[in-house]
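S.K.: Sharing a structure with you now.
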Protein chains: 2
Amino acid sequence: MPGTKSQEKVKEIQAVVAPLFASKGYHSTSMREIAREVGMNQSSLYHYFRGKEEILFEIMNDAMDQALITLKQICATDLLPRDKLMNVLHFYTRYYAGDPERLNLLVNEQQSLAPEHRRILVEKEREYVCIFKDLFGELKRNRTTKEIPRSVAIFAFLGMVHYTITWYRKGGPVDLEGLADIFCEIFTRGILREDAATT
Amino acid sequence: MPGTKSQEKVKEIQAVVAPLFASKGYHSTSMREIAREVGMNQSSLYHYFRGKEEILFEIMNDAMDQALITLKQICATDLLPRDKLMNVLHFYTRYYAGDPERLNLLVNEQQSLAPEHRRILVEKEREYVCIFKDLFGELKRNRTTKEIPRSVAIFAFLGMVHYTITWYRKGGPVDLEGLADIFCEIFTRGILREDAATT
DNA sequence: GTCTATACTTTGATAGAC
DNA sequence: GTCTATCAAAGTATAGAC
C-alpha cells in the first residue's frame, strides 16, 4: 500500500501517547519523551505525524467519532424515547469510565489544540449535545420531564459522567455496569417525572 | 510594614493571572506574558513569588481554604442533616459557577503543581470529601438515603458542579440561585428517598 | 522508514545596577 | 521594588545521509 504510512504503527504510537498526555498533560510531555517511550528516534515521529499537536488531535478526534457512531445507532432504533435515553446514558457512562486514559484528553486538553482543530471538535461536541437535546425533545412531547431546562439537565449528566475519569477505577467496589445503572437511576429520578420513572 | 511584600500587589497579580491560566492553560502562559499583562517587568514578578508554579499554587490554595471555611461553618450549625446538606450543595454550586475563572484551575491544573504542593491540595481535597461523607453519614442514620454508595453519590455531585465552569455563564437564562436550586433538586430526587425529599 | 546532527525559538530564572 | 541584561536548559522541528 503506497502512501499508507503503516496505520498499525500510527495506532501503536497513539496507544503509547494517550496515557502519557493523560498523566502528565500535553504541554509537559515532550516529543523526546514520546519517542523514547515508543522506542524510536524523535525525528521518526515526524514521518507519521506533522507535529505534536496532530498526535493529540487525532486521538481526540477518533474518540469522538467512535462515540458519535454508537450514539447515532442507538437513536436510529425505534425504541421508546425513554428506552433510547437509558441506552444512551448507559453507553456514555461505560464509554467514559471504561477508557479514562484516552477520554481524559477530551475533557482536559481542549485548550491545547490548534484553533482549526479545536473548531472541528467543538462542532462534533455540538452534535453530541443535539443528540441529547433531541431525545429530551421526544420525551417532552410525551410530557415525561419535569420543569428543568433541557440544557441544564444535559450538562448535569455530562459533568457527572466526565468526572468519572478523575475518580473511577476499574476493579474497585463498583463495576462498570453498576456505575452506569446508578447514573441512570440518579438521572431518572432527578430529571424525569416520578410516574414515568417508575414505569 | 517590613517584609510584607505588599499583599495588595500580590492579590492584584493573582487576579490577573487566574484568568490567563484558565484560558490558555498553565504551561502555555509564560512569565513574560504575565508580566506584560500585569504591567511590570518579568524579573519583578520574582520579588513577589519564588516562581511561576508558586503563583499557581497560591491561587489554588486560597480558593480551597475559602471554600473549606464556609463548608465547615455550615456543618457546625445545629440544623437538621437534610438542611445542612442543602446548604452545602447550594453554597458549593454558587461558589464554582460564580467564579469559573479561578475555580477552573482547581479542576484543570492539578497536574501542573509541584509534588509537595500537590500533596497539600490533595489533603485538603480529602477534607472536602470527608465533610460530604459525614453529612451523608448523618442522613443514613435517619435512613433517608437510598442504596447508592456514598462516594458515588458525592462524586456525582462534584462532577455535576465542577463541570459548570465549562458551560455556565452568568447573565444567561438561568441565574446562580436558580442553578443551585436545580442541582439541589436533581440531587435530592436522585439520591435521597422520595418521602424524605418531599418533606 | 529510521537515524545523526543541528537550527531555531522560547522558556524560567538569576545577577546586579539603580 | 523595579529595571536591563543575560544564562542555561528544554522545547519543536528540519535537513540530509543511509
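By order of appearance in the C-alpha cells: chains A, B, ..., then residues from 1 within every chain, and ligands from 1 in the order shown.
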Residues of chain D within 10 Å of chain A, counting only C-alpha atoms (C1' of nucleotides), what are they? List them as a list in words.

M.R.: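 Within 10 Å of chain A on chain D, we get DA10, DG11, DT12, DA13 and DT14 of chain D.
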
S.K.: Give me a file of those residues, with C-alpha atoms (C1' of nucleotides), as a PDB file, in the first residue's frame.

M.R.:
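The resulting part18.pdb:
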ATOM      1  C1'  DA D  10      14.470  22.465  27.091  1.00  0.00           C
ATOM      2  C1'  DG D  11      11.362  22.671  23.535  1.00  0.00           C
ATOM      3  C1'  DT D  12       9.740  21.629  18.379  1.00  0.00           C
ATOM      4  C1'  DA D  13      11.037  20.884  14.060  1.00  0.00           C
ATOM      5  C1'  DT D  14      14.052  20.130   9.896  1.00  0.00           C
TER       6       DT D  14
END

S.K.: Enumerate as number ranges by chain all residues of chain A assigned to alpha helix (DSSP H) by DSSP on the backbone, naming them with the chain letters and numbers the document uses.

M.R.: A: 7-24, 31-38, 45-48, 52-76, 81-98, 100-108, 115-141, 150-162, 164-167, 176-191, 194-197

S.K.: Find the residues of chain C that sit at most 10 Å from chain B; for each, write down the nearest two atoms and how far apart they are in Å, to one decimal. Count only C-alpha atoms (C1' of nucleotides). Sort by chain, then by number going up, and give it as a Markdown table.

M.R.:
| residue | atom | partner | partner_atom | distance |
| --- | --- | --- | --- | --- |
| C:DT10 | C1' | B:Ser30 | CA | 9.2 |
| C:DT11 | C1' | B:Ser30 | CA | 7.5 |
| C:DG12 | C1' | B:Met31 | CA | 7.6 |
| C:DA13 | C1' | B:Gly51 | CA | 8.0 |
| C:DT14 | C1' | B:Ser43 | CA | 8.9 |

S.K.: Next, dump the selected residues to file, keeping only C-alpha atoms (C1' of nucleotides), as a PDB file, in the first residue's frame.

M.R.:
ATOM      1  C1'  DT C  10      11.116  30.072  23.844  1.00  0.00           C
ATOM      2  C1'  DT C  11      11.264  29.154  28.383  1.00  0.00           C
ATOM      3  C1'  DG C  12      12.074  30.038  33.694  1.00  0.00           C
ATOM      4  C1'  DA C  13      15.207  32.068  36.419  1.00  0.00           C
ATOM      5  C1'  DT C  14      19.233  34.996  38.168  1.00  0.00           C
TER       6       DT C  14
END

S.K.: Counting only C-alpha atoms, what are the residues of segment 109-146 of chain A within 12 Å of segment 162-183 of chain B, and for each of them which pair of atoms is the nearest and at what distance in Å, to one decimal? Sort the table by chain and rising number, as JSON lines.

M.R.:
{"residue": "A:Gln110", "atom": "CA", "partner": "B:Thr166", "partner_atom": "CA", "distance": 10.9}
{"residue": "A:Gln111", "atom": "CA", "partner": "B:Thr166", "partner_atom": "CA", "distance": 11.6}
{"residue": "A:Val129", "atom": "CA", "partner": "B:Trp167", "partner_atom": "CA", "distance": 11.9}
{"residue": "A:Lys146", "atom": "CA", "partner": "B:Ile182", "partner_atom": "CA", "distance": 10.8}

S.K.: Identify all chain B residues at most 6 Å from chain A by counting only C-alpha atoms; ligands do not count. Present them as a PyMOL selection string.

M.R.: chain B and resi 156+159-160+163+186+189-190

S.K.: With only C-alpha atoms as the basis for distance, which of A:Lys84, A:Lys133, A:Arg143, A:His117 is at the shortest distance from Ile55 of chain A?

M.R.: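 For Ile55 of chain A, the nearest of the given residues is A:His117.
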